[in-house]
$ cat start.txt   # compact mmCIF, C-alpha atoms and all ligand atoms
# COMPACT_ATOMS: atom_id res chain seq x y z
CA MET A 1 85.53 128.63 79.40
CA GLU A 2 86.74 125.04 78.86
CA PRO A 3 84.78 122.40 80.83
CA ALA A 4 87.80 121.39 82.92
CA GLU A 5 88.60 125.03 83.65
CA SER A 6 85.03 125.78 84.58
CA LEU A 7 84.95 122.73 86.82
CA ASN A 8 88.15 123.93 88.47
CA HIS A 9 86.37 127.09 89.49
CA GLN A 10 83.59 125.00 90.90
CA LYS A 11 85.71 122.66 92.94
CA ALA A 12 83.61 123.40 96.00
CA LYS A 13 80.43 122.65 94.05
CA ARG A 14 81.00 118.96 93.55
CA SER A 15 77.29 118.57 92.93
CA THR A 16 77.99 119.54 89.29
CA VAL A 17 79.43 116.05 88.83
CA LYS A 18 76.86 113.29 89.01
CA VAL A 19 77.76 109.76 90.05
CA ARG A 20 75.41 107.08 88.74
CA GLU A 21 75.30 103.39 87.92
CA MET A 22 76.98 102.57 84.63
CA THR A 23 74.71 101.58 81.74
CA ILE A 24 75.38 99.62 78.57
CA ASP A 25 75.65 102.91 76.66
CA ASP A 26 78.65 103.91 78.79
CA LEU A 27 80.69 100.79 77.96
CA ALA A 28 82.58 102.30 75.02
CA ASP A 29 83.35 105.58 76.84
CA VAL A 30 84.61 103.76 79.92
CA PHE A 31 86.71 101.38 77.87
CA HIS A 32 88.38 104.15 75.86
CA MET A 33 88.99 106.24 78.98
CA GLY A 34 90.65 103.25 80.63
CA GLU A 35 92.81 102.73 77.53
CA LYS A 36 94.23 106.23 78.03
CA LEU A 37 94.60 105.93 81.78
CA PHE A 38 95.89 102.41 82.18
CA LEU A 39 97.88 101.66 79.03
CA ALA A 40 99.74 104.97 78.84
CA ASP A 41 100.66 104.73 82.49
CA LYS A 42 101.26 100.95 82.53
CA ALA A 43 98.49 98.72 83.80
CA PRO A 44 98.12 99.26 87.54
CA ASN A 45 97.07 95.67 88.07
CA THR A 46 99.75 93.45 86.62
CA TYR A 47 97.59 90.35 86.66
CA ARG A 48 94.49 91.97 85.21
CA ALA A 49 94.66 93.58 81.84
CA TRP A 50 92.47 96.44 80.75
CA ASP A 51 90.68 95.20 77.65
CA GLU A 52 87.13 94.97 76.27
CA TYR A 53 86.53 91.65 78.04
CA GLU A 54 87.57 92.99 81.42
CA VAL A 55 85.11 95.87 81.16
CA THR A 56 82.21 93.93 79.69
CA ASP A 57 82.67 90.95 82.03
CA LEU A 58 82.66 93.18 85.08
CA PHE A 59 79.75 95.17 83.78
CA TYR A 60 77.60 92.09 83.18
CA SER A 61 78.57 90.28 86.37
CA ASP A 62 78.56 93.26 88.76
CA THR A 63 76.48 95.97 87.13
CA GLU A 64 75.42 97.43 90.45
CA PHE A 65 79.08 97.95 91.43
CA CYS A 66 80.05 99.72 88.21
CA LEU A 67 79.75 103.48 88.54
CA VAL A 68 80.43 106.45 86.32
CA ALA A 69 80.92 110.14 87.04
CA GLU A 70 79.19 112.40 84.56
CA TYR A 71 79.85 116.07 83.96
CA GLU A 72 77.67 117.91 81.45
CA ASP A 73 76.65 114.68 79.68
CA ARG A 74 80.26 113.52 79.45
CA ILE A 75 81.71 110.54 81.29
CA VAL A 76 84.76 111.83 83.18
CA GLY A 77 85.43 109.01 85.63
CA PHE A 78 84.51 105.48 86.62
CA ALA A 79 84.80 102.94 89.42
CA LEU A 80 84.41 99.22 88.72
CA GLY A 81 84.32 96.69 91.50
CA THR A 82 83.01 93.42 92.79
CA THR A 83 82.41 91.48 96.00
CA ILE A 84 84.09 88.26 97.06
CA SER A 85 82.76 85.68 99.51
CA LYS A 86 84.93 82.83 100.70
CA SER A 87 83.42 79.46 101.53
CA ARG A 88 85.02 79.17 104.96
CA SER A 89 84.81 82.80 105.95
CA ALA A 90 81.79 84.65 107.25
CA TRP A 91 83.35 87.85 106.02
CA LYS A 92 82.51 89.37 102.71
CA TYR A 93 85.14 91.34 100.83
CA GLY A 94 84.71 94.26 98.49
CA TYR A 95 87.24 94.80 95.74
CA LEU A 96 87.57 98.05 93.85
CA LEU A 97 89.29 96.87 90.70
CA TRP A 98 89.48 99.92 88.50
CA LEU A 99 89.16 103.59 89.35
CA GLY A 100 89.92 106.32 86.86
CA VAL A 101 89.31 109.99 86.20
CA LEU A 102 90.17 111.82 82.97
CA PRO A 103 93.45 113.75 83.38
CA ASP A 104 91.82 117.18 82.83
CA PHE A 105 89.34 116.42 85.57
CA GLN A 106 91.69 115.00 88.16
CA ARG A 107 92.24 116.58 91.55
CA LYS A 108 88.71 117.92 91.71
CA GLY A 109 87.26 115.40 94.10
CA ILE A 110 85.68 113.19 91.42
CA ALA A 111 87.40 109.93 92.42
CA GLU A 112 86.47 110.67 96.01
CA LYS A 113 82.86 111.06 95.01
CA LEU A 114 82.94 107.78 93.09
CA PHE A 115 84.68 106.05 95.96
CA GLN A 116 82.17 107.29 98.55
CA ARG A 117 79.31 105.88 96.48
CA PHE A 118 81.17 102.60 96.00
CA LYS A 119 81.82 102.37 99.74
CA HIS A 120 78.15 103.01 100.44
CA LEU A 121 77.19 100.15 98.10
CA MET A 122 79.69 97.87 99.83
CA LEU A 123 78.24 98.69 103.25
CA GLN A 124 74.78 97.87 101.94
CA GLU A 125 76.18 94.48 100.86
CA ASN A 126 77.55 93.85 104.37
CA VAL A 127 81.10 93.97 103.12
CA ARG A 128 83.55 93.84 106.02
CA ILE A 129 86.88 94.46 104.30
CA LEU A 130 87.47 96.63 101.27
CA VAL A 131 90.51 95.88 99.12
CA VAL A 132 92.23 97.91 96.43
CA ASP A 133 95.51 97.38 94.65
CA THR A 134 97.84 99.42 92.56
CA GLU A 135 101.42 99.37 91.36
CA ALA A 136 103.93 100.39 94.01
CA ASP A 137 105.05 103.40 91.96
CA ASN A 138 101.55 104.74 91.28
CA LEU A 139 101.93 107.62 93.70
CA LYS A 140 98.69 109.34 92.70
CA ALA A 141 96.67 106.24 93.48
CA LEU A 142 98.55 105.53 96.69
CA SER A 143 98.02 109.06 97.87
CA PHE A 144 94.36 108.86 96.94
CA PHE A 145 93.77 105.56 98.76
CA ARG A 146 95.63 106.73 101.86
CA HIS A 147 93.44 109.81 101.82
CA GLN A 148 90.43 107.48 101.87
CA GLY A 149 91.72 105.70 104.95
CA PHE A 150 93.43 102.69 103.39
CA GLY A 151 96.51 101.41 105.16
CA ASN A 152 98.33 98.20 105.92
CA PRO A 153 99.88 97.84 102.44
CA GLN A 154 101.01 94.31 101.69
CA GLU A 155 103.72 93.84 99.15
CA HIS A 156 103.31 91.10 96.58
CA ILE A 157 105.59 90.22 93.76
CA PHE A 158 104.02 88.61 90.72
CA LEU A 159 106.11 86.07 88.85
CA SER A 160 105.06 84.53 85.58
CA THR A 161 106.05 81.64 83.36
CA ASN A 162 105.22 80.81 79.79
CA LEU A 163 103.55 77.37 79.68
CA ASP A 164 104.40 76.76 76.05
CA PRO A 165 106.33 73.39 76.09
CA GLU A 166 109.05 74.72 73.77
CA ARG A 167 109.62 77.72 76.08
CA GLN A 168 109.71 75.40 79.09
CA ARG A 169 112.40 73.24 77.42
CA MET A 170 114.47 76.34 76.63
CA ASN A 171 114.20 77.52 80.24
CA ILE A 172 115.37 74.13 81.57
CA LYS A 173 118.29 74.14 79.09
CA LYS A 174 119.27 77.64 80.22
CA ARG A 175 119.23 76.58 83.86
CA ILE A 176 121.37 73.49 83.10
CA ASN A 177 123.84 75.65 81.17
CA GLY A 178 123.88 78.12 84.04
CA SER A 179 122.67 81.03 81.91
CA GLY A 180 119.19 81.48 83.38
C1 LIG A 201 94.04 108.06 91.31
C2 LIG A 201 92.93 108.88 90.66
C3 LIG A 201 91.72 107.98 90.39
C4 LIG A 201 92.53 110.02 91.59
O1 LIG A 201 91.43 110.72 91.02
P1 LIG A 201 91.09 112.24 91.39
O2 LIG A 201 89.69 112.51 90.94
O3 LIG A 201 92.15 113.12 90.84
O4 LIG A 201 91.18 112.22 92.97
P2 LIG A 201 90.48 113.27 93.98
O5 LIG A 201 90.47 114.62 93.36
O6 LIG A 201 89.17 112.72 94.42
O7 LIG A 201 91.53 113.25 95.16
C5 LIG A 201 91.17 113.14 96.53
C6 LIG A 201 92.43 113.19 97.34
O8 LIG A 201 93.33 112.11 96.98
C7 LIG A 201 94.70 112.59 97.01
N1 LIG A 201 95.23 112.68 95.64
C8 LIG A 201 94.56 112.45 94.47
N2 LIG A 201 95.37 112.64 93.40
C9 LIG A 201 96.57 112.99 93.90
C10 LIG A 201 97.82 113.33 93.29
N3 LIG A 201 97.97 113.36 91.95
N4 LIG A 201 98.87 113.65 94.10
C11 LIG A 201 98.73 113.64 95.44
N5 LIG A 201 97.56 113.35 96.09
C12 LIG A 201 96.50 113.02 95.32
C13 LIG A 201 94.63 113.98 97.60
O9 LIG A 201 94.70 113.86 99.02
C14 LIG A 201 93.25 114.45 97.16
O10 LIG A 201 92.69 115.49 97.98
P3 LIG A 201 93.09 117.03 97.67
O11 LIG A 201 92.95 117.27 96.19
O12 LIG A 201 92.08 117.81 98.48
O13 LIG A 201 94.51 117.20 98.14
C15 LIG A 201 93.42 109.52 89.32
O14 LIG A 201 94.67 110.13 89.54
C16 LIG A 201 93.56 108.54 88.16
O15 LIG A 201 92.60 108.31 87.41
N6 LIG A 201 94.76 107.97 87.96
C17 LIG A 201 95.04 107.03 86.84
C18 LIG A 201 94.36 105.68 87.04
C19 LIG A 201 94.78 105.00 88.34
O16 LIG A 201 95.96 104.96 88.65
N7 LIG A 201 93.79 104.46 89.08
C20 LIG A 201 94.01 103.87 90.39
C21 LIG A 201 94.30 102.40 90.35
S1 LIG A 201 93.04 101.41 89.60
$ encode --input "start.txt" --output "C-alpha cells"
Amino acid sequence: MEPAESLNHQKAKRSTVKVREMTIDDLADVFHMGEKLFLADKAPNTYRAWDEYEVTDLFYSDTEFCLVAEYEDRIVGFALGTTISKSRSAWKYGYLLWLGVLPDFQRKGIAEKLFQRFKHLMLQENVRILVVDTEADNLKALSFFRHQGFGNPQEHIFLSTNLDPERQRMNIKKRINGSG
C-alpha cells in the first residue's frame, strides 16, 4: 500500500503524523516542498517570495515557530511563522507566513494538526491576534482558514513600481504621451 493511500485509511488515526519543531536537517526538504506548492500554484504571498533566503531567514530568526509534520520519517507538511510586536501597542501579533502539505497528503487533517500546534505556541507567547494571508483565489487555503475560525477578511491590493531610473523615465514619458 502506498504511504498516502495507507494514511487515507488511517484518517481517524492522526497520531500517525508527528508534528515537531523544524531542525536544520529539514531545511532542504521544506524548501523543495515549498517550491512545488508555492511556485506551481503561484506564490500565495505576493510580497514575499518563496526562496532559500525566506526559509533560512525564518528558520534562524524564529526556529521555535517553524514546525514540520512527519510521516514515516518523511516530511509531509510545514508551518512557518513569526510574532510581531508594535512599539505603541500592548498587543502582540502572531503571523503564520507559510503553511503547506504535500498534495498526496492533503485533506487528511495534517495542516490542522500543524496549525493547532502553531496556535498553542502563539498562546504561550501571549499573542492576542493571529494573522494569515493568502491570494484571494486560493480557495483551498481560504476554506482551511475559515475552518480554523478565521474571519474578517481584509482586501489589499499590492501595487509595485520599478525604481530603476531608466524605467521611471519611460513611465513618465508614457504618462505624458497618454499611453500609460
Ligand atoms: C491549504 C492546505 C495547507 C490545507 O492542508 P490540508 O492538510 O489538506 O488541510 P486539512 O486536511 O487539515 O483540512 C482541514 C479542513 O480545512 C478545509 N479544507 C482543507 N483543504 C480543503 C480543500 N481543498 N477544499 C475545501 N476545504 C478544504 C476543510 O474544512 C478541512 O476539513 P475536512 O477535510 O474535514 O473537510 C493545503 O491545501 C496546501 O498545502 N495548499 C498549498 C499551499 C497553500 O496554499 N498554503 C496556504 C497559504 S500559505
$ atom_distance --input "start.txt" --atom1 "CA of Val131 (chain A)" --atom2 "atom C10 of ligand LIG 201 (chain A)"
19.8 Å
$ closest_atom_pairs --input "start.txt" --of "chain A" --to "ligand LIG 201 (chain A)" --cutoff "8 Å" --atoms "only C-alpha atoms and all ligand atoms" --output "CSV"
residue,atom,partner,partner_atom,distance
A:Gly34,CA,A:LIG201,C18,7.8
A:Leu37,CA,A:LIG201,C17,5.2
A:Phe38,CA,A:LIG201,C18,6.1
A:Asp41,CA,A:LIG201,C17,7.5
A:Pro44,CA,A:LIG201,C21,5.7
A:Asn45,CA,A:LIG201,S1,7.2
A:Gly77,CA,A:LIG201,O15,7.4
A:Leu96,CA,A:LIG201,S1,7.7
A:Leu97,CA,A:LIG201,S1,6.0
A:Trp98,CA,A:LIG201,S1,4.0
A:Leu99,CA,A:LIG201,S1,4.5
A:Gly100,CA,A:LIG201,O15,3.4
A:Val101,CA,A:LIG201,O15,3.9
A:Leu102,CA,A:LIG201,O15,6.2
A:Pro103,CA,A:LIG201,O15,6.8
A:Phe105,CA,A:LIG201,O2,6.7
A:Gln106,CA,A:LIG201,O3,3.3
A:Arg107,CA,A:LIG201,O5,3.2
A:Lys108,CA,A:LIG201,O5,4.1
A:Gly109,CA,A:LIG201,O6,3.3
A:Ile110,CA,A:LIG201,O2,4.1
A:Ala111,CA,A:LIG201,O2,3.8
A:Glu112,CA,A:LIG201,O6,3.7
A:Lys113,CA,A:LIG201,O6,6.6
A:Val132,CA,A:LIG201,S1,7.7
A:Asp133,CA,A:LIG201,C21,6.7
A:Thr134,CA,A:LIG201,C21,5.1
A:Glu135,CA,A:LIG201,C21,7.8
A:Asn138,CA,A:LIG201,O16,6.2
A:Leu139,CA,A:LIG201,N4,6.8
A:Lys140,CA,A:LIG201,C10,4.1
A:Ala141,CA,A:LIG201,C1,3.9
A:Leu142,CA,A:LIG201,C1,7.5
A:Ser143,CA,A:LIG201,N5,4.7
A:Phe144,CA,A:LIG201,O8,3.4
A:Phe145,CA,A:LIG201,O8,6.8
A:Arg146,CA,A:LIG201,O8,7.6
A:His147,CA,A:LIG201,O9,5.1
A:Gln148,CA,A:LIG201,O8,7.3
$ atom_distance --input "start.txt" --atom1 "CA of Tyr53 (chain A)" --atom2 "CA of Val30 (chain A)"
12.4 Å
$ closest_residue --input "start.txt" --among "A:Asp164, A:Glu155, A:Asp51, A:Asp57" --to "Ile24 (chain A)" --atoms "only C-alpha atoms"
A:Asp57
$ closest_residue --input "start.txt" --among "A:Asp73, A:Asn126, A:Lys119, A:Leu58" --to "Ala90 (chain A)" --atoms "only C-alpha atoms"
A:Asn126
$ closest_residue --input "start.txt" --among "A:Met33, A:Met22, A:Val68, A:Leu80" --to "Asp104 (chain A)" --atoms "only C-alpha atoms"
A:Met33
$ closest_residue --input "start.txt" --among "A:Arg74, A:His156, A:Lys174, A:Arg88" --to "Asp25 (chain A)" --atoms "all atoms listed in the file"
A:Arg74
$ atom_distance --input "start.txt" --atom1 "CA of Ser61 (chain A)" --atom2 "CA of Thr82 (chain A)"
8.4 Å
$ decode --input "start.txt" --residues "region 82-97 of chain A" --atoms "N, CA and C atoms" --output "PDB file, in the first residue's frame"
ATOM      1  N   THR A  82       5.940  33.695  12.676  1.00  0.00           N
ATOM      2  CA  THR A  82       6.712  34.626  13.486  1.00  0.00           C
ATOM      3  C   THR A  82       5.762  35.392  14.409  1.00  0.00           C
ATOM      4  N   THR A  83       6.323  36.222  15.273  1.00  0.00           N
ATOM      5  CA  THR A  83       5.487  37.107  16.085  1.00  0.00           C
ATOM      6  C   THR A  83       5.906  38.543  15.804  1.00  0.00           C
ATOM      7  N   ILE A  84       4.970  39.452  15.982  1.00  0.00           N
ATOM      8  CA  ILE A  84       5.243  40.863  15.704  1.00  0.00           C
ATOM      9  C   ILE A  84       4.755  41.691  16.892  1.00  0.00           C
ATOM     10  N   SER A  85       5.639  42.525  17.428  1.00  0.00           N
ATOM     11  CA  SER A  85       5.234  43.452  18.492  1.00  0.00           C
ATOM     12  C   SER A  85       5.368  44.859  17.948  1.00  0.00           C
ATOM     13  N   LYS A  86       4.397  45.693  18.255  1.00  0.00           N
ATOM     14  CA  LYS A  86       4.474  47.078  17.770  1.00  0.00           C
ATOM     15  C   LYS A  86       4.811  47.972  18.942  1.00  0.00           C
ATOM     16  N   SER A  87       5.614  49.005  18.679  1.00  0.00           N
ATOM     17  CA  SER A  87       6.107  49.830  19.784  1.00  0.00           C
ATOM     18  C   SER A  87       4.974  50.489  20.575  1.00  0.00           C
ATOM     19  N   ARG A  88       3.913  50.935  19.891  1.00  0.00           N
ATOM     20  CA  ARG A  88       2.869  51.637  20.628  1.00  0.00           C
ATOM     21  C   ARG A  88       1.651  50.778  20.916  1.00  0.00           C
ATOM     22  N   SER A  89       1.811  49.484  20.790  1.00  0.00           N
ATOM     23  CA  SER A  89       0.667  48.617  21.043  1.00  0.00           C
ATOM     24  C   SER A  89       1.068  47.572  22.078  1.00  0.00           C
ATOM     25  N   ALA A  90       0.164  47.341  23.027  1.00  0.00           N
ATOM     26  CA  ALA A  90       0.451  46.326  24.038  1.00  0.00           C
ATOM     27  C   ALA A  90       0.196  44.937  23.465  1.00  0.00           C
ATOM     28  N   TRP A  91      -0.482  44.909  22.335  1.00  0.00           N
ATOM     29  CA  TRP A  91      -0.829  43.618  21.752  1.00  0.00           C
ATOM     30  C   TRP A  91       0.319  43.012  20.973  1.00  0.00           C
ATOM     31  N   LYS A  92       0.385  41.716  21.056  1.00  0.00           N
ATOM     32  CA  LYS A  92       1.389  41.009  20.272  1.00  0.00           C
ATOM     33  C   LYS A  92       0.640  40.242  19.167  1.00  0.00           C
ATOM     34  N   TYR A  93       1.210  40.240  17.992  1.00  0.00           N
ATOM     35  CA  TYR A  93       0.572  39.571  16.863  1.00  0.00           C
ATOM     36  C   TYR A  93       1.352  38.310  16.492  1.00  0.00           C
ATOM     37  N   GLY A  94       0.625  37.325  16.043  1.00  0.00           N
ATOM     38  CA  GLY A  94       1.256  36.117  15.506  1.00  0.00           C
ATOM     39  C   GLY A  94       0.978  36.108  14.021  1.00  0.00           C
ATOM     40  N   TYR A  95       1.927  35.655  13.238  1.00  0.00           N
ATOM     41  CA  TYR A  95       1.757  35.678  11.788  1.00  0.00           C
ATOM     42  C   TYR A  95       2.199  34.327  11.225  1.00  0.00           C
ATOM     43  N   LEU A  96       1.239  33.590  10.720  1.00  0.00           N
ATOM     44  CA  LEU A  96       1.568  32.319  10.074  1.00  0.00           C
ATOM     45  C   LEU A  96       1.853  32.631   8.608  1.00  0.00           C
ATOM     46  N   LEU A  97       3.130  32.571   8.251  1.00  0.00           N
ATOM     47  CA  LEU A  97       3.536  33.024   6.918  1.00  0.00           C
ATOM     48  C   LEU A  97       3.372  31.966   5.837  1.00  0.00           C
TER      49      LEU A  97
END
